[in-house]
Amino acid sequence: MDGPVIARGDRGFDDERRVWNAEIDRRPAVIARCASTADVVRAIGLARRLGLDIAVRGGAHNTAGTATCDGGLMIDLSLMSQVTVDPDARRARVGGGALLADVDAATLAQRAGRARRADQPHRGRGTDARRRHGLAEPQVSA
Ligand SMILES: Cc1cc2nc3c(=O)[nH]c(=O)nc-3n(C[C@H](O)[C@H](O)[C@H](O)COP(=O)(O)OP(=O)(O)OC[C@H]3O[C@@H](n4cnc5c(N)ncnc54)[C@H](O)[C@@H]3O)c2cc1C
């Protein structure tokens, strides 16, 4: 693995297993902190070999806590938070572990000096951004 693998009992395990909803208190057997697509492939292979359930942790904000599991393998994407923006194609590539702050930083950097928060489509809230760009979700491709 390019990124670290943390098992129960390892230092930092309790910090790494946490999700946003503090009521969710699950303990995976192992956390694969993937740093690359190849790491994700390796982690899935390991889970298959060991017969472990898999949970994928993106931003860990899902309130039901679906980013984690008990006794399985958590594929933690938080190290894969890179965002690259191609302004000509009007397209951003967003890593699976990116938070809105990462997207904000990358997209606003492209518009330095001209950016206003209300210009961000994902923060629409009835501002002119939503009228101009529409909702964010239909513009996402995997
Ligand atoms: C304060 C707060 C405000 C919110 N506001 C909104 C809102 O305005 N609008 C809205 O729609 N939602 C909102 N949500 C809900 C939240 O944004 C969604 O639940 C979203 O799915 C969280 O994304 P995440 O990357 O944190 O997902 P996680 O919690 O990490 O994962 C959610 C699920 O997706 C799976 N998953 C994550 N990444 C991948 C991946 N790369 N490949 C495959 N599966 C993956 C996980 O396994 C899990 O099942 C809010 C949540 C919070 C806590």
# chains A, B, ... in the order shown; residues from 1 in each chain; ligands from 1
call {"tool": "residues_near_ligand", "arguments": {"ligand": "ligand 1", "cutoff": "9 Å", "atoms": "only C-alpha atoms and all ligand atoms", "output": "number ranges by chain"}}
result
A: 19-21, 54-68, 74-78, 95-99, 122-123, 137
call {"tool": "select_by_dssp", "arguments": {"residues": "chain A", "states": "strand (DSSP E)", "output": "list in words"}}
result
Val5, Ile6, Ala7, Val30, Ile31, Ala32, Arg33, Ile54, Ala55, Val56, Arg57, Leu73, Met74, Ile75, Asp76, Val83, Thr84, Val85, Asp86, Arg91, Ala92, Arg93 and Val94 of chain A
call {"tool": "residues_around", "arguments": {"residues": "A:Asp2", "least_positions_apart": "6", "cutoff": "8 Å", "atoms": "only C-alpha atoms", "output": "short mmCIF file (atom, residue, chain, number, x, y, z; two decimals) with C-alpha atoms, in the first residue's frame"}}
result
data_model
loop_
_atom_site.label_atom_id
_atom_site.label_comp_id
_atom_site.auth_asym_id
_atom_site.auth_seq_id
_atom_site.Cartn_x
_atom_site.Cartn_y
_atom_site.Cartn_z
CA CYS A 34 -5.65 4.65 0.43
CA ALA A 35 -3.33 7.13 -1.25
CA SER A 36 -3.91 6.00 -4.83
CA ASP A 39 -4.31 1.20 -3.12
#
call {"tool": "closest_residue", "arguments": {"among": "A:Ala105, A:Leu46, A:Ile6, A:Ala136", "to": "A:Arg27", "atoms": "only C-alpha atoms"}}
result
A:Ile6
call {"tool": "closest_residue", "arguments": {"among": "A:Val103, A:Ala92, A:Leu108, A:Ile44", "to": "A:Ser141", "atoms": "only C-alpha atoms"}}
result
A:Ala92
call {"tool": "closest_residue", "arguments": {"among": "A:Gly3, A:Ser81, A:Pro28, A:Asp15", "to": "A:Ala101", "atoms": "only C-alpha atoms"}}
result
A:Ser81
call {"tool": "atom_distance", "arguments": {"atom1": "atom CA of A:Arg93", "atom2": "atom CA of A:Val5"}}
result
25.6 Å
